[in-house]
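This is protein.cif. It holds mmCIF, C-alpha atoms and all ligand atoms.
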data_query
#
loop_
_atom_site.label_atom_id
_atom_site.label_comp_id
_atom_site.auth_asym_id
_atom_site.auth_seq_id
_atom_site.Cartn_x
_atom_site.Cartn_y
_atom_site.Cartn_z
CA MET A 245 38.75 -0.27 16.54
CA LYS A 246 36.37 -2.67 18.26
CA ARG A 247 33.60 -0.15 17.74
CA PHE A 248 34.49 0.02 14.05
CA TRP A 249 34.18 -3.75 13.67
CA LEU A 250 30.84 -3.77 15.47
CA TRP A 251 29.66 -1.04 13.13
CA ALA A 252 31.02 -2.88 10.08
CA GLU A 253 29.39 -6.11 11.23
CA ARG A 254 26.06 -4.36 11.62
CA LEU A 255 26.39 -2.77 8.21
CA LEU A 256 27.10 -6.15 6.65
CA LEU A 257 24.00 -7.54 8.32
CA VAL A 258 21.78 -4.63 7.39
CA ALA A 259 23.01 -3.89 3.87
CA PRO A 260 21.57 -7.03 2.20
CA ILE A 261 18.22 -6.38 3.92
CA VAL A 262 18.17 -2.81 2.61
CA VAL A 263 19.04 -4.04 -0.88
CA LEU A 264 16.34 -6.72 -0.70
CA LEU A 265 13.79 -4.17 0.45
CA LEU A 266 14.75 -1.85 -2.40
CA ILE A 267 14.44 -4.68 -4.91
CA SER A 268 11.05 -5.76 -3.57
CA VAL A 269 9.74 -2.19 -3.61
CA THR A 270 10.91 -1.46 -7.15
CA SER A 271 9.93 -4.84 -8.61
CA GLY A 272 6.53 -4.56 -6.91
CA ARG A 273 5.78 -1.41 -8.86
CA ALA A 274 5.88 -1.91 -12.58
CA GLN A 275 6.61 1.34 -14.41
CA THR A 276 3.55 2.19 -16.45
CA ASN A 277 4.71 5.54 -17.88
CA ASN A 278 4.89 4.25 -21.43
CA TYR A 279 1.58 2.40 -21.47
CA GLU A 280 -1.77 3.74 -22.68
CA PHE A 281 -3.75 2.60 -19.66
CA ASN A 282 -4.00 0.53 -16.50
CA ASP A 283 -7.10 -1.63 -16.30
CA SER A 284 -8.98 -1.43 -12.99
CA HIS A 285 -11.58 -4.01 -14.03
CA PHE A 286 -10.72 -7.24 -15.82
CA HIS A 287 -12.22 -10.75 -15.73
CA LEU A 288 -9.74 -13.42 -16.83
CA THR A 289 -12.53 -16.01 -16.83
CA ASN A 290 -16.21 -15.97 -17.82
CA ASN A 291 -19.41 -17.28 -16.20
CA VAL A 292 -18.31 -20.88 -16.81
CA GLN A 293 -14.74 -20.35 -15.57
CA GLU A 294 -13.14 -20.44 -19.00
CA GLY A 295 -10.70 -17.87 -20.33
CA PRO A 296 -7.29 -17.31 -21.87
CA ASN A 297 -4.09 -18.58 -20.35
CA ILE A 298 -2.61 -15.68 -18.35
CA HIS A 299 0.59 -15.81 -20.46
CA ASP A 300 -1.49 -15.34 -23.63
CA PHE A 301 -3.33 -12.53 -21.89
CA LEU A 302 0.01 -10.80 -21.18
CA ASN A 303 0.57 -10.75 -24.94
CA MET A 304 -2.86 -9.10 -25.37
CA MET A 305 -1.84 -6.41 -22.84
CA GLY A 306 1.31 -5.98 -24.92
CA SER A 307 2.70 -2.47 -24.71
CA THR A 308 -0.81 -0.94 -24.39
CA ALA A 309 -2.03 -2.05 -20.94
CA GLY A 310 0.43 -1.56 -18.10
CA ARG A 311 -1.22 -3.02 -15.02
CA VAL A 312 -4.43 -4.97 -14.60
CA ALA A 313 -6.76 -5.67 -11.65
CA LEU A 314 -7.28 -9.38 -12.21
CA PHE A 315 -10.26 -11.50 -11.21
CA GLY A 316 -12.59 -14.22 -12.36
CA ILE A 317 -16.36 -14.16 -12.20
CA PRO A 318 -17.62 -15.60 -8.93
CA LEU A 319 -21.07 -16.42 -10.31
CA GLN A 320 -21.08 -19.68 -12.20
CA GLN A 321 -23.84 -20.25 -14.75
CA GLN A 322 -25.31 -23.69 -14.17
CA TRP A 323 -25.71 -25.92 -17.21
CA SER A 324 -29.05 -27.51 -16.53
CA TYR A 325 -29.66 -30.27 -19.04
CA ARG A 326 -33.37 -30.24 -18.11
CA VAL A 327 -33.58 -26.58 -19.14
CA ASP A 328 -31.04 -26.14 -21.94
CA GLY A 329 -30.32 -29.64 -23.26
CA ASP A 330 -27.16 -29.65 -25.38
CA ARG A 331 -27.13 -25.84 -25.66
CA ALA A 332 -24.42 -25.27 -23.01
CA PRO A 333 -24.80 -21.67 -21.73
CA THR A 334 -21.65 -19.58 -21.15
CA TYR A 335 -23.24 -16.25 -20.13
CA TYR A 336 -25.87 -15.22 -17.61
CA LEU A 337 -28.20 -14.03 -20.36
CA HIS A 338 -28.00 -17.35 -22.21
CA SER A 339 -30.21 -19.37 -19.88
CA ASP A 340 -32.99 -19.35 -17.30
CA ALA A 341 -30.96 -21.74 -15.15
CA PRO A 342 -29.55 -20.23 -11.92
CA LEU A 343 -26.12 -18.78 -11.07
CA TYR A 344 -24.24 -19.88 -7.98
CA TYR A 345 -21.19 -18.65 -6.00
CA TYR A 346 -18.07 -20.43 -7.17
CA SER A 347 -15.27 -19.94 -4.63
CA PHE A 348 -12.66 -21.92 -6.56
CA SER A 349 -12.37 -18.88 -8.82
CA ASP A 350 -10.00 -17.31 -6.25
CA ALA A 351 -7.66 -20.31 -6.24
CA TRP A 352 -7.68 -20.35 -10.04
CA ILE A 353 -6.69 -16.67 -10.21
CA ALA A 354 -4.02 -17.09 -7.52
CA MET A 355 -2.44 -20.06 -9.34
CA ALA A 356 -2.50 -18.21 -12.67
CA TYR A 357 -0.70 -15.29 -10.98
CA LYS A 358 1.82 -17.60 -9.34
CA SER A 359 2.71 -19.09 -12.73
CA LEU A 360 4.22 -15.72 -13.75
CA THR A 361 7.73 -14.36 -13.21
CA LYS A 362 8.20 -11.62 -10.60
CA GLU A 363 8.30 -8.89 -13.26
CA GLN A 364 5.13 -10.21 -14.88
CA GLN A 365 3.40 -10.48 -11.48
CA ALA A 366 4.15 -6.79 -10.84
CA ARG A 367 1.72 -5.97 -13.66
CA PHE A 368 -1.24 -7.62 -11.90
CA ASP A 369 -3.36 -6.89 -8.86
CA PRO A 370 -5.36 -10.05 -8.19
CA MET A 371 -8.73 -9.65 -6.45
CA ILE A 372 -10.79 -12.02 -4.27
CA THR A 373 -14.35 -12.50 -5.52
CA GLY A 374 -15.53 -16.01 -4.59
CA PHE A 375 -17.77 -15.19 -1.63
CA ASN A 376 -21.48 -14.93 -0.99
CA PRO A 377 -22.08 -11.35 0.22
CA THR A 378 -25.21 -12.38 2.17
CA ASP A 379 -23.19 -14.71 4.37
CA MET A 380 -21.70 -13.49 7.68
CA TYR A 381 -18.91 -16.00 6.95
CA ALA A 382 -17.94 -14.22 3.71
CA ALA A 383 -15.23 -12.21 5.50
CA ASP A 384 -13.82 -15.52 6.78
CA HIS A 385 -13.52 -16.75 3.20
CA ILE A 386 -11.51 -13.63 2.30
CA HIS A 387 -9.30 -14.20 5.36
CA ARG A 388 -8.76 -17.82 4.32
CA VAL A 389 -7.77 -16.85 0.78
CA LEU A 390 -5.18 -14.37 2.09
CA GLN A 391 -3.89 -17.05 4.44
CA THR A 392 -3.62 -19.65 1.66
CA PHE A 393 -2.11 -17.29 -0.94
CA PRO A 394 -0.10 -14.63 0.92
CA GLY A 395 1.66 -12.07 -1.28
CA VAL A 396 -0.91 -12.38 -4.06
CA PHE A 397 -4.07 -10.32 -3.56
CA THR A 398 -4.61 -6.53 -3.52
CA GLY A 399 -8.37 -6.26 -3.17
CA ILE A 400 -11.82 -7.82 -3.33
CA GLY A 401 -14.29 -7.71 -6.20
CA GLU A 402 -15.78 -7.21 -8.55
CA PHE A 403 -18.62 -8.56 -6.48
CA THR A 404 -22.27 -7.86 -7.07
CA ILE A 405 -25.13 -6.72 -4.87
CA HIS A 406 -27.90 -5.34 -7.14
CA LYS A 407 -27.42 -6.10 -10.83
CA GLU A 408 -30.00 -6.24 -13.60
CA PHE A 409 -30.77 -9.83 -14.75
CA VAL A 410 -28.18 -11.27 -12.34
CA SER A 411 -29.33 -10.72 -8.72
CA ALA A 412 -32.65 -12.48 -9.29
CA LYS A 413 -30.93 -15.55 -10.80
CA ILE A 414 -29.06 -16.44 -7.61
CA PRO A 415 -31.00 -18.85 -5.39
CA GLY A 416 -31.25 -18.13 -1.67
CA GLU A 417 -31.31 -14.72 -0.03
CA VAL A 418 -31.13 -11.74 -2.40
CA ALA A 419 -28.00 -9.66 -1.77
CA SER A 420 -28.65 -6.34 -0.04
CA LEU A 421 -26.78 -3.12 0.72
CA GLN A 422 -28.36 -3.23 4.16
CA ASP A 423 -27.00 -6.65 5.08
CA PRO A 424 -24.70 -6.84 8.15
CA ALA A 425 -22.77 -9.53 6.24
CA LEU A 426 -21.77 -6.88 3.69
CA ASP A 427 -20.73 -4.49 6.47
CA ARG A 428 -18.55 -7.23 7.93
CA ILE A 429 -16.84 -7.69 4.54
CA LEU A 430 -16.13 -3.96 4.21
CA GLU A 431 -14.87 -3.71 7.80
CA PHE A 432 -12.47 -6.57 7.19
CA ALA A 433 -11.32 -4.95 3.93
CA ALA A 434 -10.56 -1.75 5.86
CA GLU A 435 -8.61 -3.69 8.48
CA VAL A 436 -6.45 -5.40 5.86
CA GLY A 437 -6.25 -2.47 3.41
CA LEU A 438 -7.92 -4.36 0.55
CA VAL A 439 -9.38 -2.14 -2.16
CA VAL A 440 -13.07 -2.92 -2.76
CA LEU A 441 -14.63 -3.07 -6.24
CA ILE A 442 -18.41 -3.28 -5.99
CA HIS A 443 -21.08 -3.57 -8.67
CA ASN A 444 -24.43 -2.09 -7.67
CA ASP A 445 -26.85 -0.58 -10.17
CA PHE A 446 -28.01 2.87 -9.04
CA ASP A 447 -31.56 2.05 -10.11
CA ILE A 448 -33.85 -0.78 -11.23
CA PRO A 449 -34.25 -1.37 -14.99
CA PHE A 450 -37.15 0.58 -16.53
CA PRO A 451 -37.99 2.83 -13.55
CA LYS A 452 -41.05 5.02 -13.52
CA GLU A 453 -40.30 8.46 -14.99
CA GLY A 454 -39.27 10.91 -12.27
CA SER A 455 -39.04 8.36 -9.45
CA GLU A 456 -36.15 8.35 -6.98
CA PRO A 457 -33.30 6.01 -8.07
CA ALA A 458 -33.98 2.72 -6.24
CA TYR A 459 -30.55 2.19 -4.65
CA LEU A 460 -28.84 5.58 -4.55
CA SER A 461 -29.67 6.55 -0.98
CA GLN A 462 -28.93 3.04 0.31
CA LEU A 463 -25.59 3.20 -1.49
CA LYS A 464 -24.62 6.53 0.02
CA ALA A 465 -25.54 5.29 3.50
CA PHE A 466 -23.49 2.15 2.86
CA PHE A 467 -20.47 4.19 1.65
CA LYS A 468 -20.76 6.44 4.73
CA ARG A 469 -20.78 3.47 7.09
CA HIS A 470 -17.28 2.56 5.78
CA PRO A 471 -15.14 5.71 5.74
CA ASN A 472 -11.90 3.74 6.16
CA THR A 473 -12.46 1.41 3.21
CA THR A 474 -11.23 2.36 -0.27
CA ILE A 475 -14.24 1.72 -2.51
CA ILE A 476 -14.49 1.72 -6.30
CA TRP A 477 -18.10 1.86 -7.51
CA ALA A 478 -18.06 -0.08 -10.78
CA HIS A 479 -19.60 1.36 -13.95
CA MET A 480 -20.73 4.52 -12.11
CA GLY A 481 -23.81 2.47 -11.20
CA LEU A 482 -24.93 2.01 -14.82
CA GLY A 483 -25.91 -1.17 -16.64
CA ARG A 484 -27.01 -2.64 -19.94
CA VAL A 485 -30.51 -1.21 -19.48
CA VAL A 486 -29.96 0.79 -16.29
CA ARG A 487 -29.35 3.96 -18.27
CA PRO A 488 -28.21 7.31 -16.89
CA SER A 489 -31.10 9.52 -15.87
CA THR A 490 -30.97 13.19 -16.89
CA ASN A 491 -29.47 14.07 -13.51
CA HIS A 492 -27.06 11.14 -13.21
CA ALA A 493 -24.05 13.46 -13.40
CA THR A 494 -25.58 15.58 -10.61
CA ASN A 495 -26.09 12.47 -8.47
CA ILE A 496 -22.48 11.41 -9.04
CA GLU A 497 -21.23 14.92 -8.29
CA GLU A 498 -23.10 14.89 -4.96
CA ILE A 499 -20.95 11.92 -3.98
CA LEU A 500 -17.77 13.52 -5.36
CA SER A 501 -18.32 16.77 -3.45
CA ASP A 502 -19.32 15.13 -0.16
CA PRO A 503 -16.35 15.37 2.27
CA ASP A 504 -17.58 12.18 3.97
CA LEU A 505 -17.26 10.23 0.72
CA ARG A 506 -13.67 10.95 -0.27
CA HIS A 507 -12.94 7.24 -0.10
CA VAL A 508 -15.34 6.48 -2.99
CA TYR A 509 -14.04 6.21 -6.58
CA PHE A 510 -15.75 5.43 -9.88
CA ASP A 511 -14.80 3.13 -12.71
CA ILE A 512 -16.05 3.74 -16.24
CA SER A 513 -15.55 0.14 -17.37
CA TRP A 514 -17.82 -1.90 -19.66
CA ASP A 515 -18.73 -1.30 -23.32
CA GLU A 516 -22.35 -0.93 -22.16
CA VAL A 517 -21.28 2.11 -20.10
CA ALA A 518 -19.04 3.53 -22.83
CA LYS A 519 -22.02 3.45 -25.19
CA TYR A 520 -23.79 6.08 -23.01
CA ILE A 521 -20.71 8.25 -22.55
CA VAL A 522 -19.83 8.44 -26.25
CA ALA A 523 -23.47 8.49 -27.44
CA SER A 524 -23.30 12.23 -28.21
CA THR A 525 -20.79 15.08 -27.92
CA GLU A 526 -22.99 16.46 -25.13
CA ALA A 527 -22.88 13.20 -23.12
CA THR A 528 -19.10 13.00 -23.57
CA LYS A 529 -18.72 16.62 -22.46
CA ILE A 530 -20.80 16.07 -19.28
CA THR A 531 -18.55 13.17 -18.25
CA ALA A 532 -15.34 14.96 -19.28
CA ASP A 533 -16.30 18.08 -17.28
CA LEU A 534 -17.06 15.95 -14.22
CA MET A 535 -13.69 14.20 -14.53
CA GLN A 536 -11.84 17.49 -14.88
CA ARG A 537 -13.49 18.82 -11.73
CA TYR A 538 -12.57 15.63 -9.82
CA PRO A 539 -9.59 14.19 -11.73
CA ASP A 540 -8.45 11.91 -8.89
CA ARG A 541 -11.71 10.01 -8.52
CA PHE A 542 -12.18 8.13 -11.81
CA LEU A 543 -10.51 5.00 -13.16
CA PHE A 544 -10.56 3.47 -16.58
CA GLY A 545 -11.32 -0.26 -16.80
CA THR A 546 -12.20 -2.53 -19.69
CA ASP A 547 -14.55 -5.03 -17.99
CA ALA A 548 -13.40 -7.42 -20.71
CA ALA A 549 -14.26 -11.01 -19.79
CA ALA A 550 -12.15 -13.90 -21.08
CA PRO A 551 -11.03 -12.09 -24.27
CA THR A 552 -9.79 -14.34 -27.07
CA ASP A 553 -7.58 -11.78 -28.81
CA GLN A 554 -5.96 -8.37 -28.33
CA CYS A 555 -8.52 -6.59 -30.49
CA LYS A 556 -11.38 -7.76 -28.24
CA TYR A 557 -9.41 -6.85 -25.12
CA LEU A 558 -8.63 -3.28 -26.26
CA LYS A 559 -12.09 -2.56 -27.71
CA VAL A 560 -13.45 -0.48 -24.79
CA PHE A 561 -10.32 1.63 -24.56
CA TYR A 562 -10.68 2.69 -28.21
CA GLN A 563 -14.44 3.06 -27.84
CA TYR A 564 -13.64 5.84 -25.35
CA GLU A 565 -11.54 7.76 -27.91
CA PRO A 566 -13.97 10.76 -27.91
CA LEU A 567 -13.65 10.96 -24.12
CA TRP A 568 -9.83 10.82 -24.18
CA LYS A 569 -9.87 13.64 -26.74
CA SER A 570 -12.15 15.75 -24.51
CA LEU A 571 -9.91 15.62 -21.42
CA ASN A 572 -6.88 17.77 -20.75
CA ALA A 573 -3.61 15.82 -20.70
CA GLU A 574 -3.32 15.73 -16.92
CA THR A 575 -6.85 14.43 -16.27
CA SER A 576 -6.52 11.89 -19.04
CA ARG A 577 -3.29 10.52 -17.54
CA LYS A 578 -4.87 10.31 -14.10
CA VAL A 579 -7.95 8.45 -15.32
CA ARG A 580 -6.02 6.11 -17.63
CA LEU A 581 -2.93 5.48 -15.46
CA GLN A 582 -2.12 7.37 -12.30
CA ASN A 583 -5.26 6.93 -10.19
CA TYR A 584 -4.88 3.19 -10.61
CA GLU A 585 -1.23 3.34 -9.52
CA ARG A 586 -1.95 5.46 -6.46
CA ILE A 587 -4.92 3.41 -5.23
CA PHE A 588 -3.59 -0.06 -5.99
CA ASN A 589 -0.01 0.66 -4.82
CA GLU A 590 -1.39 1.82 -1.50
CA ALA A 591 -3.63 -1.24 -1.18
CA ARG A 592 -0.75 -3.60 -2.09
CA ARG A 593 1.47 -2.01 0.52
CA LYS A 594 -1.16 -2.26 3.25
CA VAL A 595 -2.17 -5.85 2.46
CA ARG A 596 1.47 -7.02 2.50
CA ILE A 597 1.94 -5.39 5.92
CA TRP A 598 -1.24 -7.00 7.26
CA GLU A 599 -0.14 -10.38 5.89
CA SER A 600 3.29 -10.15 7.48
CA ALA A 601 1.64 -9.52 10.84
CA HIS A 602 -1.20 -12.05 10.56
CA VAL A 603 -0.58 -14.79 8.06
CA ALA A 604 2.62 -16.24 9.51
CA ALA A 605 1.00 -16.35 12.96
CA VAL A 606 -2.04 -18.15 11.55
CA ASN A 607 0.12 -20.67 9.66
CA SER A 608 2.24 -21.53 12.70
CA ASN A 609 -0.86 -22.31 14.80
ZN ZN A 701 -19.91 -5.15 -13.19
#

Would you mind writing the file out in structure tokens?
Ligand SMILES: [Zn+2]
Amino acid sequence: MKRFWLWAERLLLVAPIVVLLLISVTSGRAQTNNYEFNDSHFHLTNNVQEGPNIHDFLNMMGSTAGRVALFGIPLQQQWSYRVDGDRAPTYYLHSDAPLYYYSFSDAWIAMAYKSLTKEQQARFDPMITGFNPTDMYAADHIHRVLQTFPGVFTGIGEFTIHKEFVSAKIPGEVASLQDPALDRILEFAAEVGLVVLIHNDFDIPFPKEGSEPAYLSQLKAFFKRHPNTTIIWAHMGLGRVVRPSTNHATNIEEILSDPDLRHVYFDISWDEVAKYIVASTEATKITADLMQRYPDRFLFGTDAAAPTDQCKYLKVFYQYEPLWKSLNAETSRKVRLQNYERIFNEARRKVRIWESAHVAAVNSN
């Protein structure tokens, strides 16, 4: 009898914990079966830190977008009155004035997320972006953000190393794939389990015909140095004028087929990237074939920045209509929905575990 009571007592103690765990696991994973897509690449704010209220953005997601990787833009466009007078620039192409790293972006995103209900929060994966990737202290910034906002972030990025028109506008040291500061960031991301979303053009704009892509070999070496970090290479390395070379698909397939690069994924976000992929039935077919050979390695993203209405937000998804029609149902679902869920669920789980082991200890110091 005594044994029974001990057992019953234990059960009473344990049962609520089990229930709580079940609730937190299920509420942490929004069902996205009935949505059209999950968005692996979304900027709530623009280059001057303006954007829609997150509650209004939820209405834009509506019943079309299930989950969204949420971040600001860490590069603030300076309004230099000397240069631009009353013409206040809001985009990096609007001015010759410099861009600078704006760390407050992370706090802004965290507070926007925290203003949501638990069910609404489950639809977002906030990302840390407000660090200077040439600074050995960048990893400490990421640590500090996790410490200040535990339970919020899933990854880091989109952050930029080489980007047409952008890299050269940032004063100080030019970001580099060969910088130990960047390695330190990726090592810390691996330790915590943060998913990494990196923008790096595969080539310079207007390269000489037939020349080796400027950054491809550096990128592969960089990816190989970090086998334990989950990396998403944004835009498949393409840009507004960094256009796919004739063998771009071959270059991408070399990464996809390399057993040492299984931790590298590709997003197809940005209307400037979609324009190449839907430019001709042949271009669409090349991408579709690649996706069907490696269906687990691609993610859809919008790369919308501070959209003002639903139509603007959904534009890239509909721009890709020819691609969606070219994929078999299974690949299409993976690229639009399931790859996101697998990668971001895993990152969320790992980051929460890391936080429970590290953040409380840091706070009590
Ligand atoms: Zn980008």

*atom CA of Thr392 of chain A to atom CA of Val312 of chain A: how many Å, to one decimal?*
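Pair atom CA of Thr392 of chain A / atom CA of Val312 of chain A returns 21.9 Å.
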
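In terms of minimum interatomic distance to Ile475 of chain A, A:Arg506 ranks closest within A:Arg506, A:Ile298, A:Pro377, A:Ala313, counting only C-alpha atoms.
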
_What does the structure give for the distance between atom CA of Asn376 of chain A and atom CA of Tyr345 of chain A, in Å to one decimal?_
6.2 Å

*asked:* Considering all atoms listed in the file, can you say which of A:Val292, A:Ile386, A:Leu319, A:Leu505 comes closest to ligand ZN 701 (chain A)?
replied: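 Between A:Val292, A:Ile386, A:Leu319, A:Leu505, the residue approaching ligand ZN 701 (chain A) most closely is A:Leu319.
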
Using 10 Å as the limit and counting only C-alpha atoms and all ligand atoms, can you tabulate each residue of chain A that touches ligand ZN 701 (chain A), with its shortest atom-to-atom distance in Å and the two atoms involved, as a tab-separated table?
residue	atom	partner	partner_atom	distance
A:His285	CA	A:ZN701	ZN	8.4
A:Phe286	CA	A:ZN701	ZN	9.8
A:His287	CA	A:ZN701	ZN	9.8
A:Ile317	CA	A:ZN701	ZN	9.7
A:Gly401	CA	A:ZN701	ZN	9.3
A:Glu402	CA	A:ZN701	ZN	6.5
A:Phe403	CA	A:ZN701	ZN	7.6
A:Thr404	CA	A:ZN701	ZN	7.1
A:Ile405	CA	A:ZN701	ZN	9.9
A:Lys407	CA	A:ZN701	ZN	7.9
A:Leu441	CA	A:ZN701	ZN	9.0
A:Ile442	CA	A:ZN701	ZN	7.6
A:His443	CA	A:ZN701	ZN	4.9
A:Asn444	CA	A:ZN701	ZN	7.8
A:Asp445	CA	A:ZN701	ZN	8.8
A:Trp477	CA	A:ZN701	ZN	9.2
A:Ala478	CA	A:ZN701	ZN	5.9
A:His479	CA	A:ZN701	ZN	6.6
A:Met480	CA	A:ZN701	ZN	9.8
A:Gly481	CA	A:ZN701	ZN	8.8
A:Leu482	CA	A:ZN701	ZN	8.9
A:Gly483	CA	A:ZN701	ZN	8.0
A:Asp511	CA	A:ZN701	ZN	9.7
A:Ser513	CA	A:ZN701	ZN	8.0
A:Trp514	CA	A:ZN701	ZN	7.5
A:Asp547	CA	A:ZN701	ZN	7.2

Atoms to include: C-alpha atoms. Write the selected residues as a compact mmCIF listing (two decimals), in the coordinates of the input.
# COMPACT_ATOMS: atom_id res chain seq x y z
CA HIS A 285 -11.58 -4.01 -14.03
CA PHE A 286 -10.72 -7.24 -15.82
CA HIS A 287 -12.22 -10.75 -15.73
CA ILE A 317 -16.36 -14.16 -12.20
CA GLY A 401 -14.29 -7.71 -6.20
CA GLU A 402 -15.78 -7.21 -8.55
CA PHE A 403 -18.62 -8.56 -6.48
CA THR A 404 -22.27 -7.86 -7.07
CA ILE A 405 -25.13 -6.72 -4.87
CA LYS A 407 -27.42 -6.10 -10.83
CA LEU A 441 -14.63 -3.07 -6.24
CA ILE A 442 -18.41 -3.28 -5.99
CA HIS A 443 -21.08 -3.57 -8.67
CA ASN A 444 -24.43 -2.09 -7.67
CA ASP A 445 -26.85 -0.58 -10.17
CA TRP A 477 -18.10 1.86 -7.51
CA ALA A 478 -18.06 -0.08 -10.78
CA HIS A 479 -19.60 1.36 -13.95
CA MET A 480 -20.73 4.52 -12.11
CA GLY A 481 -23.81 2.47 -11.20
CA LEU A 482 -24.93 2.01 -14.82
CA GLY A 483 -25.91 -1.17 -16.64
CA ASP A 511 -14.80 3.13 -12.71
CA SER A 513 -15.55 0.14 -17.37
CA TRP A 514 -17.82 -1.90 -19.66
CA ASP A 547 -14.55 -5.03 -17.99

_Would you compute the distance between atom CA of Ile496 of chain A and atom CA of Phe588 of chain A? Give it in Å to one decimal._
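Computing it gives 22.3 Å between the two atoms.
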
*Any idea what's packed within 7 Å of Phe466 of chain A, counting all atoms listed in the file, ignoring anything in its chain fewer than 4 positions away? Could you give it as an MDAnalysis selection string?*
chainID A and resid 421 462 470

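Checking A:Ala341, A:Ile353, A:Ala465, A:Met380 one by one against Ala419 of chain A, counting all atoms listed in the file, you find the shortest gap at A:Met380.
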
*asked:* Counting all atoms listed in the file, find residues at most 10 Å from (-21.2, 12.4, -18.2) (file frame) and give them as JSON, numbers by chain.
replied: {"A": [480, 488, 490, 491, 492, 493, 494, 496, 520, 521, 522, 526, 527, 528, 529, 530, 531, 532, 533, 534, 535, 567]}

*Do you know which residues are at most 12 Å from Glu585 of chain A counting all atoms listed in the file, after dropping those on the same chain fewer than 5 positions away, and could you put them as JSON, numbers by chain?*
{"A": [272, 273, 274, 275, 276, 277, 281, 282, 283, 284, 310, 311, 312, 313, 366, 367, 368, 369, 540, 543, 544, 577, 578, 579, 580, 590, 591, 592, 593]}

_Expected residue set, 9 Å radius at (-1.6, -5.7, 1.2), all atoms listed in the file, as a list in words_ =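 Every residue inside that radius is included here: Gly395, Val396, Phe397, Thr398, Gly399, Val436, Gly437, Leu438, Asn589, Glu590, Ala591, Arg592, Arg593, Lys594, Val595, Arg596, Ile597, Trp598 and Glu599 of chain A.
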
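For the residues A:Asp447, A:Asp350, A:Glu294, A:Asp328, ranking by smallest atom-to-atom distance to Ile400 of chain A using all atoms listed in the file places A:Asp350 first.
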